[in-house]
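Coordinates from target.pdb are shown below (PDB, C-alpha atoms).
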ATOM      1  CA  MET A   1       0.000   0.000   0.000
ATOM      2  CA  ALA A   2       2.813   2.414   0.890
ATOM      3  CA  GLU A   3       4.561   1.628  -2.401
ATOM      4  CA  GLU A   4       1.367   2.289  -4.387
ATOM      5  CA  THR A   5       0.888   5.599  -2.549
ATOM      6  CA  HIS A   6       4.463   6.600  -3.398
ATOM      7  CA  ARG A   7       3.947   5.836  -7.092
ATOM      8  CA  SER A   8       0.694   7.770  -7.198
ATOM      9  CA  ARG A   9       2.257  10.719  -5.398
ATOM     10  CA  LEU A  10       5.235  10.642  -7.744
ATOM     11  CA  GLY A  11       3.012  10.799 -10.805
ATOM     12  CA  ARG A  12       0.956  13.718  -9.448
ATOM     13  CA  GLY A  13       3.962  15.588  -8.081
ATOM     14  CA  LEU A  14       6.051  15.384 -11.215
ATOM     15  CA  ALA A  15       4.278  18.293 -12.884
ATOM     16  CA  ALA A  16       5.094  20.484  -9.873
ATOM     17  CA  LEU A  17       8.705  19.325  -9.953
ATOM     18  CA  ILE A  18       9.379  19.867 -13.671
ATOM     19  CA  GLY A  19       6.479  22.103 -14.672
ATOM     20  CA  ASP A  20       6.924  25.289 -16.673
ATOM     21  CA  VAL A  21       7.844  28.448 -14.848
ATOM     22  CA  GLY A  22       7.765  32.009 -16.025
ATOM     23  CA  ALA A  23      10.562  34.527 -16.557
ATOM     24  CA  GLN A  24      13.602  34.016 -14.353
ATOM     25  CA  THR A  25      14.167  35.949 -11.161
ATOM     26  CA  GLU A  26      16.893  35.414  -8.551
ATOM     27  CA  PRO A  27      15.931  33.352  -6.638
ATOM     28  CA  THR A  28      12.380  32.063  -7.181
ATOM     29  CA  HIS A  29      10.399  29.307  -5.487
ATOM     30  CA  GLU A  30       8.577  26.622  -7.464
ATOM     31  CA  ARG A  31       6.001  24.890  -5.246
ATOM     32  CA  GLY A  32       8.216  25.315  -2.179
ATOM     33  CA  ARG A  33      11.476  24.236  -3.860
ATOM     34  CA  ALA A  34      14.152  26.934  -4.099
ATOM     35  CA  GLN A  35      15.346  27.682  -7.598
ATOM     36  CA  ARG A  36      18.827  29.087  -8.096
ATOM     37  CA  ARG A  37      21.526  29.452 -10.714
ATOM     38  CA  VAL A  38      24.832  27.566 -10.691
ATOM     39  CA  PRO A  39      27.811  27.360 -13.076
ATOM     40  CA  ILE A  40      27.019  24.989 -15.914
ATOM     41  CA  GLU A  41      30.122  22.890 -15.190
ATOM     42  CA  PHE A  42      28.666  21.970 -11.787
ATOM     43  CA  LEU A  43      26.167  19.677 -13.544
ATOM     44  CA  LYS A  44      26.750  16.194 -14.948
ATOM     45  CA  ALA A  45      24.540  13.839 -16.949
ATOM     46  CA  ASN A  46      22.502  11.076 -15.339
ATOM     47  CA  PRO A  47      24.023   7.712 -16.441
ATOM     48  CA  ARG A  48      20.602   6.077 -15.918
ATOM     49  CA  ASN A  49      18.699   8.444 -18.197
ATOM     50  CA  PRO A  50      16.571   6.247 -20.496
ATOM     51  CA  ARG A  51      17.037   8.734 -23.304
ATOM     52  CA  ARG A  52      20.152   7.777 -25.266
ATOM     53  CA  GLN A  53      19.722   9.698 -28.495
ATOM     54  CA  PHE A  54      19.723  13.474 -28.849
ATOM     55  CA  SER A  55      18.907  14.913 -32.259
ATOM     56  CA  GLU A  56      21.621  17.290 -33.450
ATOM     57  CA  SER A  57      19.106  19.476 -35.276
ATOM     58  CA  GLU A  58      16.828  19.678 -32.219
ATOM     59  CA  LEU A  59      19.762  20.573 -29.951
ATOM     60  CA  GLU A  60      20.831  23.343 -32.340
ATOM     61  CA  GLU A  61      17.272  24.651 -32.515
ATOM     62  CA  LEU A  62      16.954  24.649 -28.726
ATOM     63  CA  ALA A  63      20.382  26.273 -28.352
ATOM     64  CA  GLY A  64      19.230  29.083 -30.643
ATOM     65  CA  SER A  65      16.133  29.597 -28.522
ATOM     66  CA  ILE A  66      18.239  29.627 -25.335
ATOM     67  CA  ARG A  67      20.559  32.270 -26.813
ATOM     68  CA  GLU A  68      17.530  34.492 -27.411
ATOM     69  CA  ARG A  69      15.428  33.824 -24.312
ATOM     70  CA  GLY A  70      17.577  31.898 -21.853
ATOM     71  CA  ILE A  71      16.382  28.730 -20.078
ATOM     72  CA  ILE A  72      12.758  29.275 -19.106
ATOM     73  CA  GLN A  73      12.393  25.981 -17.236
ATOM     74  CA  PRO A  74      14.871  24.974 -14.483
ATOM     75  CA  ILE A  75      16.845  21.738 -14.617
ATOM     76  CA  VAL A  76      15.958  19.261 -11.870
ATOM     77  CA  VAL A  77      19.049  17.869 -10.133
ATOM     78  CA  ARG A  78      20.196  16.029  -7.041
ATOM     79  CA  THR A  79      23.419  16.512  -5.111
ATOM     80  CA  ALA A  80      26.203  14.247  -6.387
ATOM     81  CA  ARG A  81      27.557  11.884  -3.745
ATOM     82  CA  GLY A  82      30.963  12.645  -2.296
ATOM     83  CA  ALA A  83      31.470  15.843  -4.296
ATOM     84  CA  VAL A  84      31.340  19.543  -3.520
ATOM     85  CA  ASP A  85      29.407  21.828  -5.864
ATOM     86  CA  SER A  86      28.434  18.917  -8.108
ATOM     87  CA  PHE A  87      24.933  17.918  -9.179
ATOM     88  CA  GLU A  88      23.527  14.976 -11.158
ATOM     89  CA  ILE A  89      20.733  15.819 -13.598
ATOM     90  CA  ILE A  90      17.417  14.097 -12.941
ATOM     91  CA  ALA A  91      15.332  15.891 -15.575
ATOM     92  CA  GLY A  92      16.443  18.370 -18.212
ATOM     93  CA  GLU A  93      19.587  16.871 -19.775
ATOM     94  CA  ARG A  94      18.587  18.118 -23.240
ATOM     95  CA  ARG A  95      18.335  21.702 -21.954
ATOM     96  CA  TRP A  96      21.738  21.316 -20.280
ATOM     97  CA  ARG A  97      23.337  20.058 -23.494
ATOM     98  CA  ALA A  98      21.761  22.871 -25.528
ATOM     99  CA  ALA A  99      22.844  25.454 -22.932
ATOM    100  CA  GLN A 100      26.454  24.346 -23.402
ATOM    101  CA  ARG A 101      26.114  24.872 -27.154
ATOM    102  CA  ALA A 102      24.569  28.272 -26.527
ATOM    103  CA  GLY A 103      27.603  29.279 -24.467
ATOM    104  CA  LEU A 104      25.771  29.814 -21.161
ATOM    105  CA  HIS A 105      27.975  30.126 -18.081
ATOM    106  CA  ASP A 106      25.254  29.284 -15.550
ATOM    107  CA  VAL A 107      21.846  27.605 -15.569
ATOM    108  CA  PRO A 108      18.770  27.578 -13.302
ATOM    109  CA  ILE A 109      18.338  24.449 -11.189
ATOM    110  CA  VAL A 110      15.905  22.987  -8.669
ATOM    111  CA  VAL A 111      17.544  20.580  -6.202
ATOM    112  CA  HIS A 112      15.498  17.476  -5.381
ATOM    113  CA  GLU A 113      17.205  14.986  -3.062
ATOM    114  CA  ALA A 114      15.975  11.787  -4.679
ATOM    115  CA  SER A 115      17.078   8.217  -4.053
ATOM    116  CA  ASP A 116      18.574   6.181  -6.898
ATOM    117  CA  SER A 117      15.238   4.499  -7.599
ATOM    118  CA  GLU A 118      13.235   7.721  -7.483
ATOM    119  CA  ALA A 119      15.767   9.467  -9.751
ATOM    120  CA  LEU A 120      15.329   6.687 -12.319
ATOM    121  CA  GLU A 121      11.543   6.850 -12.050
ATOM    122  CA  ILE A 122      11.460  10.615 -12.509
ATOM    123  CA  ALA A 123      13.858  10.458 -15.467
ATOM    124  CA  ILE A 124      11.660   7.887 -17.215
ATOM    125  CA  ILE A 125       8.387   9.632 -16.428
ATOM    126  CA  GLU A 126       9.658  13.090 -17.373
ATOM    127  CA  ASN A 127      10.872  11.895 -20.755
ATOM    128  CA  VAL A 128       7.720   9.894 -21.490
ATOM    129  CA  GLN A 129       5.363  12.718 -20.514
ATOM    130  CA  ARG A 130       7.279  15.124 -22.746
ATOM    131  CA  ALA A 131       7.474  12.652 -25.668
ATOM    132  CA  ASP A 132      11.272  12.982 -25.656
ATOM    133  CA  LEU A 133      11.920   9.261 -26.118
ATOM    134  CA  ASN A 134      11.858   7.168 -29.255
ATOM    135  CA  PRO A 135       9.530   4.126 -28.953
ATOM    136  CA  LEU A 136      12.345   1.737 -27.989
ATOM    137  CA  GLU A 137      13.747   4.065 -25.331
ATOM    138  CA  GLU A 138      10.239   4.369 -23.922
ATOM    139  CA  ALA A 139       9.835   0.583 -23.928
ATOM    140  CA  THR A 140      13.235   0.094 -22.268
ATOM    141  CA  GLY A 141      12.303   2.647 -19.612
ATOM    142  CA  TYR A 142       9.047   0.845 -18.877
ATOM    143  CA  GLN A 143      10.873  -2.485 -18.691
ATOM    144  CA  ALA A 144      13.339  -0.993 -16.200
ATOM    145  CA  LEU A 145      10.421   0.003 -13.968
ATOM    146  CA  VAL A 146       9.085  -3.565 -14.204
ATOM    147  CA  ASP A 147      12.431  -5.305 -13.598
ATOM    148  CA  GLU A 148      13.999  -2.984 -11.022
ATOM    149  CA  HIS A 149      11.001  -1.579  -9.168
ATOM    150  CA  LYS A 150       8.364  -4.316  -9.654
ATOM    151  CA  TYR A 151       5.896  -2.036 -11.429
ATOM    152  CA  THR A 152       2.915  -3.666 -13.090
ATOM    153  CA  GLN A 153       1.636  -2.392 -16.436
ATOM    154  CA  ASP A 154      -1.250  -0.760 -14.572
ATOM    155  CA  ASP A 155       1.225   1.003 -12.237
ATOM    156  CA  ILE A 156       3.161   2.389 -15.198
ATOM    157  CA  ALA A 157       0.008   3.516 -17.000
ATOM    158  CA  LYS A 158      -1.265   5.423 -13.961
ATOM    159  CA  THR A 159       2.108   7.004 -13.236
ATOM    160  CA  VAL A 160       2.938   8.248 -16.738
ATOM    161  CA  GLY A 161      -0.635   9.110 -17.701
ATOM    162  CA  LYS A 162      -0.910   6.599 -20.555
ATOM    163  CA  SER A 163      -3.455   3.842 -21.193
ATOM    164  CA  ARG A 164      -2.565   0.319 -20.132
ATOM    165  CA  SER A 165      -2.879  -0.837 -23.742
ATOM    166  CA  HIS A 166      -0.340   1.806 -24.790
ATOM    167  CA  VAL A 167       2.106   0.524 -22.166
ATOM    168  CA  ALA A 168       1.521  -3.117 -23.167
ATOM    169  CA  ASN A 169       1.920  -2.409 -26.889
ATOM    170  CA  THR A 170       5.066  -0.370 -26.268
ATOM    171  CA  LEU A 171       6.648  -3.173 -24.210
ATOM    172  CA  ARG A 172       5.940  -5.607 -27.071
ATOM    173  CA  LEU A 173       8.319  -3.620 -29.276
ATOM    174  CA  LEU A 174      11.212  -5.155 -27.324
ATOM    175  CA  ARG A 175      10.356  -8.506 -28.947
ATOM    176  CA  LEU A 176      11.205  -7.233 -32.449
ATOM    177  CA  PRO A 177      14.445  -8.395 -34.146
ATOM    178  CA  GLU A 178      17.516  -6.190 -33.721
ATOM    179  CA  SER A 179      17.518  -5.168 -37.380
ATOM    180  CA  VAL A 180      13.988  -3.795 -37.002
ATOM    181  CA  LYS A 181      14.954  -2.013 -33.778
ATOM    182  CA  ALA A 182      17.797  -0.322 -35.674
ATOM    183  CA  TYR A 183      15.267   1.139 -38.121
ATOM    184  CA  ILE A 184      13.222   2.466 -35.179
ATOM    185  CA  ARG A 185      16.247   4.018 -33.480
ATOM    186  CA  GLY A 186      17.229   5.653 -36.745
ATOM    187  CA  GLY A 187      13.784   7.179 -37.168
ATOM    188  CA  LYS A 188      13.031   5.166 -40.317
ATOM    189  CA  LEU A 189      10.121   3.351 -38.648
ATOM    190  CA  THR A 190       7.538   4.929 -36.351
ATOM    191  CA  ALA A 191       5.872   3.327 -33.342
ATOM    192  CA  GLY A 192       2.804   2.731 -35.543
ATOM    193  CA  HIS A 193       4.907   0.862 -38.101
ATOM    194  CA  ALA A 194       6.535  -1.203 -35.359
ATOM    195  CA  ARG A 195       3.243  -2.211 -33.730
ATOM    196  CA  ALA A 196       1.878  -3.343 -37.095
ATOM    197  CA  LEU A 197       5.023  -5.443 -37.665
ATOM    198  CA  LEU A 198       4.397  -7.392 -34.457
ATOM    199  CA  SER A 199       1.555  -9.277 -36.116
ATOM    200  CA  LEU A 200       3.610 -10.367 -39.147
ATOM    201  CA  PRO A 201       5.460 -13.713 -39.342
ATOM    202  CA  ASP A 202       8.582 -12.105 -40.913
ATOM    203  CA  PRO A 203       8.933  -8.582 -39.488
ATOM    204  CA  GLU A 204      12.532  -8.173 -40.760
ATOM    205  CA  THR A 205      11.572  -8.564 -44.417
ATOM    206  CA  ALA A 206       8.490  -6.422 -43.936
ATOM    207  CA  ALA A 207      10.505  -3.675 -42.218
ATOM    208  CA  HIS A 208      12.993  -3.573 -45.097
ATOM    209  CA  ASP A 209      10.059  -3.364 -47.515
ATOM    210  CA  ILE A 210       8.510  -0.485 -45.561
ATOM    211  CA  VAL A 211      11.725   1.536 -45.569
ATOM    212  CA  THR A 212      12.498   0.799 -49.235
ATOM    213  CA  ARG A 213       9.000   1.578 -50.524
ATOM    214  CA  GLY A 214       8.207   4.345 -48.050
ATOM    215  CA  LEU A 215       4.980   2.720 -46.851
ATOM    216  CA  ASN A 216       2.820   4.559 -44.332
ATOM    217  CA  VAL A 217       1.289   2.961 -41.236
ATOM    218  CA  ARG A 218      -2.128   2.428 -42.815
ATOM    219  CA  GLN A 219      -0.563   0.536 -45.732
ATOM    220  CA  VAL A 220       1.405  -1.671 -43.355
ATOM    221  CA  GLU A 221      -1.706  -2.420 -41.298
ATOM    222  CA  SER A 222      -3.527  -3.419 -44.499
ATOM    223  CA  ILE A 223      -0.693  -5.763 -45.447
ATOM    224  CA  ALA A 224      -0.764  -7.298 -41.957
ATOM    225  CA  GLN A 225      -4.511  -7.867 -42.181
ATOM    226  CA  GLU A 226      -4.227  -9.440 -45.639
ATOM    227  CA  ARG A 227      -1.415 -11.783 -44.616
ATOM    228  CA  GLY A 228      -3.162 -12.688 -41.393
ATOM    229  CA  HIS A 229      -6.387 -13.412 -43.260
ATOM    230  CA  GLY A 230      -4.512 -15.570 -45.751
ATOM    231  CA  ALA A 231      -2.868 -17.575 -42.983
ATOM    232  CA  ARG A 232      -6.181 -18.124 -41.227
ATOM    233  CA  LYS A 233      -7.808 -19.178 -44.479
ATOM    234  CA  ALA A 234      -5.062 -21.728 -45.207
ATOM    235  CA  LYS A 235      -5.316 -23.305 -41.747
ATOM    236  CA  LYS A 236      -9.081 -23.111 -41.423
ATOM    237  CA  PRO A 237     -10.713 -26.525 -40.898
ATOM    238  CA  VAL A 238     -13.487 -27.674 -43.137
ATOM    239  CA  PRO A 239     -16.655 -26.169 -41.629
ATOM    240  CA  GLN A 240     -19.973 -27.887 -41.271
ATOM    241  CA  ALA A 241     -22.514 -27.009 -43.945
ATOM    242  CA  ASP A 242     -24.915 -25.525 -41.398
ATOM    243  CA  LYS A 243     -24.124 -24.527 -37.855
ATOM    244  CA  ASP A 244     -26.411 -25.974 -35.265
ATOM    245  CA  VAL A 245     -28.360 -23.861 -32.831
ATOM    246  CA  ASP A 246     -25.971 -24.585 -29.966
ATOM    247  CA  THR A 247     -22.940 -23.396 -31.959
ATOM    248  CA  ARG A 248     -24.636 -20.167 -32.986
ATOM    249  CA  ALA A 249     -25.709 -19.576 -29.386
ATOM    250  CA  LEU A 250     -22.116 -20.107 -28.261
ATOM    251  CA  GLU A 251     -20.875 -17.590 -30.855
ATOM    252  CA  LYS A 252     -23.368 -15.015 -29.625
ATOM    253  CA  ARG A 253     -22.445 -15.653 -26.000
ATOM    254  CA  LEU A 254     -18.731 -15.129 -26.708
ATOM    255  CA  SER A 255     -19.356 -12.092 -28.916
ATOM    256  CA  ASP A 256     -21.489 -10.450 -26.224
ATOM    257  CA  ALA A 257     -18.856 -11.136 -23.573
ATOM    258  CA  LEU A 258     -15.941  -9.742 -25.586
ATOM    259  CA  GLY A 259     -17.676  -7.047 -27.579
ATOM    260  CA  LEU A 260     -16.039  -8.484 -30.718
ATOM    261  CA  ALA A 261     -17.214 -10.769 -33.521
ATOM    262  CA  VAL A 262     -16.511 -14.413 -32.667
ATOM    263  CA  THR A 263     -16.953 -17.451 -34.910
ATOM    264  CA  VAL A 264     -16.702 -21.119 -33.943
ATOM    265  CA  GLU A 265     -15.924 -23.700 -36.621
ATOM    266  CA  HIS A 266     -15.985 -27.448 -36.017
ATOM    267  CA  GLY A 267     -13.660 -29.618 -38.109
ATOM    268  CA  ARG A 268     -12.879 -33.303 -38.407
ATOM    269  CA  ASN A 269      -9.941 -33.061 -35.982
ATOM    270  CA  GLY A 270     -11.218 -30.392 -33.643
ATOM    271  CA  GLY A 271     -12.150 -26.808 -34.320
ATOM    272  CA  VAL A 272     -11.211 -23.145 -34.303
ATOM    273  CA  VAL A 273     -12.477 -20.200 -32.270
ATOM    274  CA  GLN A 274     -11.807 -17.002 -34.213
ATOM    275  CA  ILE A 275     -11.930 -13.541 -32.578
ATOM    276  CA  GLN A 276     -11.931 -10.609 -34.972
ATOM    277  CA  TYR A 277     -10.352  -7.344 -33.863
ATOM    278  CA  ARG A 278      -9.627  -4.090 -35.694
ATOM    279  CA  GLU A 279      -7.106  -2.466 -33.361
ATOM    280  CA  LEU A 280      -4.304  -3.717 -31.122
ATOM    281  CA  ASP A 281      -6.061  -2.134 -28.144
ATOM    282  CA  GLN A 282      -8.912  -4.608 -28.644
ATOM    283  CA  LEU A 283      -6.487  -7.525 -28.789
ATOM    284  CA  ASP A 284      -4.786  -6.268 -25.633
ATOM    285  CA  ASP A 285      -8.148  -6.173 -23.874
ATOM    286  CA  VAL A 286      -8.813  -9.824 -24.799
ATOM    287  CA  ILE A 287      -5.371 -10.837 -23.516
ATOM    288  CA  ARG A 288      -5.934  -8.918 -20.267
ATOM    289  CA  ARG A 289      -9.242 -10.744 -19.711
ATOM    290  CA  LEU A 290      -7.629 -14.115 -20.330
ATOM    291  CA  GLU A 291      -4.746 -13.331 -17.968
ATOM    292  CA  LYS A 292      -7.143 -12.313 -15.203
ATOM    293  CA  SER A 293      -9.188 -15.468 -15.627
TER
END
Rendering of file as structure tokens:
Amino acid sequence: MAEETHRSRLGRGLAALIGDVGAQTEPTHERGRAQRRVPIEFLKANPRNPRRQFSESELEELAGSIRERGIIQPIVVRTARGAVDSFEIIAGERRWRAAQRAGLHDVPIVVHEASDSEALEIAIIENVQRADLNPLEEATGYQALVDEHKYTQDDIAKTVGKSRSHVANTLRLLRLPESVKAYIRGGKLTAGHARALLSLPDPETAAHDIVTRGLNVRQVESIAQERGHGARKAKKPVPQADKDVDTRALEKRLSDALGLAVTVEHGRNGGVVQIQYRELDQLDDVIRRLEKS
């Protein structure tokens, strides 16, 4: 119970910790936390930051903005262990990097004495809420919360303000082959492309085809549906000429329970229950129901 309360409080309090502030004054107070300016060399990057890639063009653009307007939003830091006048960045590494390019001598900070686990949580949540991560970095961050802090998918969804299906679908991206992940990291495939690839038997070939032909997400989803339909058709058992009343009643019962179209086909060596879905969110809901049962 205490752990759940902490996670809930962390999610609600993050906006206060990293939220936008107005023009700089010396010093200011953001929700009770003192804001001050320190030499830029006093800060160092967080080695646990889930964000690994920083776009050169975005850094240059942000540096230009900082030259004109300064840093509007303070960098959240914690005191570095065993060092004097040294701080580890919890949230705001991109602003710190851009400030160096802009030639700033000092930057605004808010000191938050976080534990190692809380610093990791805040770094992940801050990046996810600001859409600063590519899909794989986001998935890796979620997996770190699961592995290191025993978060469930529901915990993550509540903390970062995303749906559970979004969290589940993002975590599935970690199952893709390394060659496909390389396309995602390089920005050649979007999260939508990647999710559609999960349903294909040969995602590597499909990913290469997408990049070569410049296919959009809708086209990839259509291909996935066509290939999936073809596979189902090839494996489909020979149906009975007419379904009996009991079979049709069973189909209706399952369809009503799931909110999706369900067909039951009896063959010579068994049968097939087919659930039709249009979106991955619907599939995720079916899986969640099965896991709970």
Could you state which residues are captured by the PyMOL selection byres ((chain A and resi 211-221) around 12) in this file, as a PDB file with C-alpha atoms, in the coordinates of the input?
ATOM      1  CA  VAL A 180      13.988  -3.795 -37.002  1.00  0.00           C
ATOM      2  CA  ALA A 182      17.797  -0.322 -35.674  1.00  0.00           C
ATOM      3  CA  TYR A 183      15.267   1.139 -38.121  1.00  0.00           C
ATOM      4  CA  ILE A 184      13.222   2.466 -35.179  1.00  0.00           C
ATOM      5  CA  GLY A 186      17.229   5.653 -36.745  1.00  0.00           C
ATOM      6  CA  GLY A 187      13.784   7.179 -37.168  1.00  0.00           C
ATOM      7  CA  LYS A 188      13.031   5.166 -40.317  1.00  0.00           C
ATOM      8  CA  LEU A 189      10.121   3.351 -38.648  1.00  0.00           C
ATOM      9  CA  THR A 190       7.538   4.929 -36.351  1.00  0.00           C
ATOM     10  CA  ALA A 191       5.872   3.327 -33.342  1.00  0.00           C
ATOM     11  CA  GLY A 192       2.804   2.731 -35.543  1.00  0.00           C
ATOM     12  CA  HIS A 193       4.907   0.862 -38.101  1.00  0.00           C
ATOM     13  CA  ALA A 194       6.535  -1.203 -35.359  1.00  0.00           C
ATOM     14  CA  ARG A 195       3.243  -2.211 -33.730  1.00  0.00           C
ATOM     15  CA  ALA A 196       1.878  -3.343 -37.095  1.00  0.00           C
ATOM     16  CA  LEU A 197       5.023  -5.443 -37.665  1.00  0.00           C
ATOM     17  CA  LEU A 198       4.397  -7.392 -34.457  1.00  0.00           C
ATOM     18  CA  SER A 199       1.555  -9.277 -36.116  1.00  0.00           C
ATOM     19  CA  LEU A 200       3.610 -10.367 -39.147  1.00  0.00           C
ATOM     20  CA  PRO A 203       8.933  -8.582 -39.488  1.00  0.00           C
ATOM     21  CA  GLU A 204      12.532  -8.173 -40.760  1.00  0.00           C
ATOM     22  CA  THR A 205      11.572  -8.564 -44.417  1.00  0.00           C
ATOM     23  CA  ALA A 206       8.490  -6.422 -43.936  1.00  0.00           C
ATOM     24  CA  ALA A 207      10.505  -3.675 -42.218  1.00  0.00           C
ATOM     25  CA  HIS A 208      12.993  -3.573 -45.097  1.00  0.00           C
ATOM     26  CA  ASP A 209      10.059  -3.364 -47.515  1.00  0.00           C
ATOM     27  CA  ILE A 210       8.510  -0.485 -45.561  1.00  0.00           C
ATOM     28  CA  SER A 222      -3.527  -3.419 -44.499  1.00  0.00           C
ATOM     29  CA  ILE A 223      -0.693  -5.763 -45.447  1.00  0.00           C
ATOM     30  CA  ALA A 224      -0.764  -7.298 -41.957  1.00  0.00           C
ATOM     31  CA  GLN A 225      -4.511  -7.867 -42.181  1.00  0.00           C
ATOM     32  CA  GLU A 226      -4.227  -9.440 -45.639  1.00  0.00           C
ATOM     33  CA  ARG A 227      -1.415 -11.783 -44.616  1.00  0.00           C
ATOM     34  CA  GLY A 228      -3.162 -12.688 -41.393  1.00  0.00           C
ATOM     35  CA  ARG A 278      -9.627  -4.090 -35.694  1.00  0.00           C
ATOM     36  CA  GLU A 279      -7.106  -2.466 -33.361  1.00  0.00           C
ATOM     37  CA  LEU A 280      -4.304  -3.717 -31.122  1.00  0.00           C
TER      38      LEU A 280
END
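The spacing separating atom CA of A:Arg248 from atom CA of A:Asn269 amounts to 19.8 Å.
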*asked:* Need to verify the contact set: A:Ala98, 10 Å, all atoms listed in the file, exclusion of same-chain residues closer than 3 positions in sequence. Can you return it as a ChimeraX atom specification?
replied: /A:56,58-67,71,93-95,101-104
*Compute the distance from (9.9, 2.4, -22.9) to each atom, counting only C-alpha atoms, keep the residues with any atom at most 10 Å away, and return them as a PyMOL selection string; use the coordinates of the file.*
chain A and resi 50-51+124-125+127-128+133-145+167+170-174
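Among the candidate residues A:Val111, A:Ala249, A:Val146, A:Ala119, the one lying nearest to A:Pro47 is A:Ala119, with distances computed using all atoms listed in the file.
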*Evaluating the PyMOL selection byres ((chain A and resi 44) around 6) on the displayed file yields which residues, as a PyMOL selection string?*
chain A and resi 43+45+88
For the residues in that selection, give me C-alpha atoms as a short mmCIF file (atom, residue, chain, number, x, y, z; two decimals), in the coordinates of the input.
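Just written: selection-v6.cif:
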data_model
loop_
_atom_site.label_atom_id
_atom_site.label_comp_id
_atom_site.auth_asym_id
_atom_site.auth_seq_id
_atom_site.Cartn_x
_atom_site.Cartn_y
_atom_site.Cartn_z
CA LEU A 43 26.17 19.68 -13.54
CA ALA A 45 24.54 13.84 -16.95
CA GLU A 88 23.53 14.98 -11.16
#
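Of the residues under consideration (A:Val264, A:Ala83, A:Val76, A:Ile156), A:Val264 shows the shortest atom-to-atom contact distance to A:Lys243 when counting only C-alpha atoms.
Residues in contact range of A:Arg81, defined as at most 12 Å between all atoms listed in the file, with sequence neighbours fewer than 4 positions away removed, read Asp85, Ser86, Phe87, Glu88, Glu113, Ala114, Ser115 and Asp116 of chain A.
Proximity to A:Gln153 was assessed for A:Val84, A:Glu251, A:Arg288, A:Leu176 counting all atoms listed in the file; the smallest distance is recorded for A:Arg288.
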*Name the residues captured by the PyMOL selection byres ((chain A and resi 164) around 10) when it is applied to the shown file; answer as a ChimeraX atom specification.*
/A:152-158,161-163,165-170,281,284-285,288
Serialized selection, C-alpha atoms, as an mmCIF file, keeping the file's coordinate frame:
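Saved result, result_34.cif, follows:
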data_model
loop_
_atom_site.group_PDB
_atom_site.id
_atom_site.type_symbol
_atom_site.label_atom_id
_atom_site.label_comp_id
_atom_site.auth_asym_id
_atom_site.auth_seq_id
_atom_site.Cartn_x
_atom_site.Cartn_y
_atom_site.Cartn_z
ATOM 1 C CA THR A 152 2.915 -3.666 -13.090
ATOM 2 C CA GLN A 153 1.636 -2.392 -16.436
ATOM 3 C CA ASP A 154 -1.250 -0.760 -14.572
ATOM 4 C CA ASP A 155 1.225 1.003 -12.237
ATOM 5 C CA ILE A 156 3.161 2.389 -15.198
ATOM 6 C CA ALA A 157 0.008 3.516 -17.000
ATOM 7 C CA LYS A 158 -1.265 5.423 -13.961
ATOM 8 C CA GLY A 161 -0.635 9.110 -17.701
ATOM 9 C CA LYS A 162 -0.910 6.599 -20.555
ATOM 10 C CA SER A 163 -3.455 3.842 -21.193
ATOM 11 C CA SER A 165 -2.879 -0.837 -23.742
ATOM 12 C CA HIS A 166 -0.340 1.806 -24.790
ATOM 13 C CA VAL A 167 2.106 0.524 -22.166
ATOM 14 C CA ALA A 168 1.521 -3.117 -23.167
ATOM 15 C CA ASN A 169 1.920 -2.409 -26.889
ATOM 16 C CA THR A 170 5.066 -0.370 -26.268
ATOM 17 C CA ASP A 281 -6.061 -2.134 -28.144
ATOM 18 C CA ASP A 284 -4.786 -6.268 -25.633
ATOM 19 C CA ASP A 285 -8.148 -6.173 -23.874
ATOM 20 C CA ARG A 288 -5.934 -8.918 -20.267
#
*Of the candidates A:Leu258, A:Gly267, A:Val160, A:Thr247, which one gets nearest to A:Gln282 if we count all atoms listed in the file?*
A:Leu258
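The space between atom CA of A:Ala99 and atom CA of A:Gly70 spans 8.4 Å.
Computed from the coordinates, the atom CA of A:Asn46 to atom CA of A:His112 distance equals 13.8 Å.
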*Proximity to A:Ile275 - best of A:Leu290, A:Ile40, A:Val77, A:Leu260, all atoms listed in the file*: A:Leu260
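Closest approach to A:Thr79 among A:Gly270, A:Ala91, A:Phe42, A:Pro108: A:Phe42, based on all atoms listed in the file.
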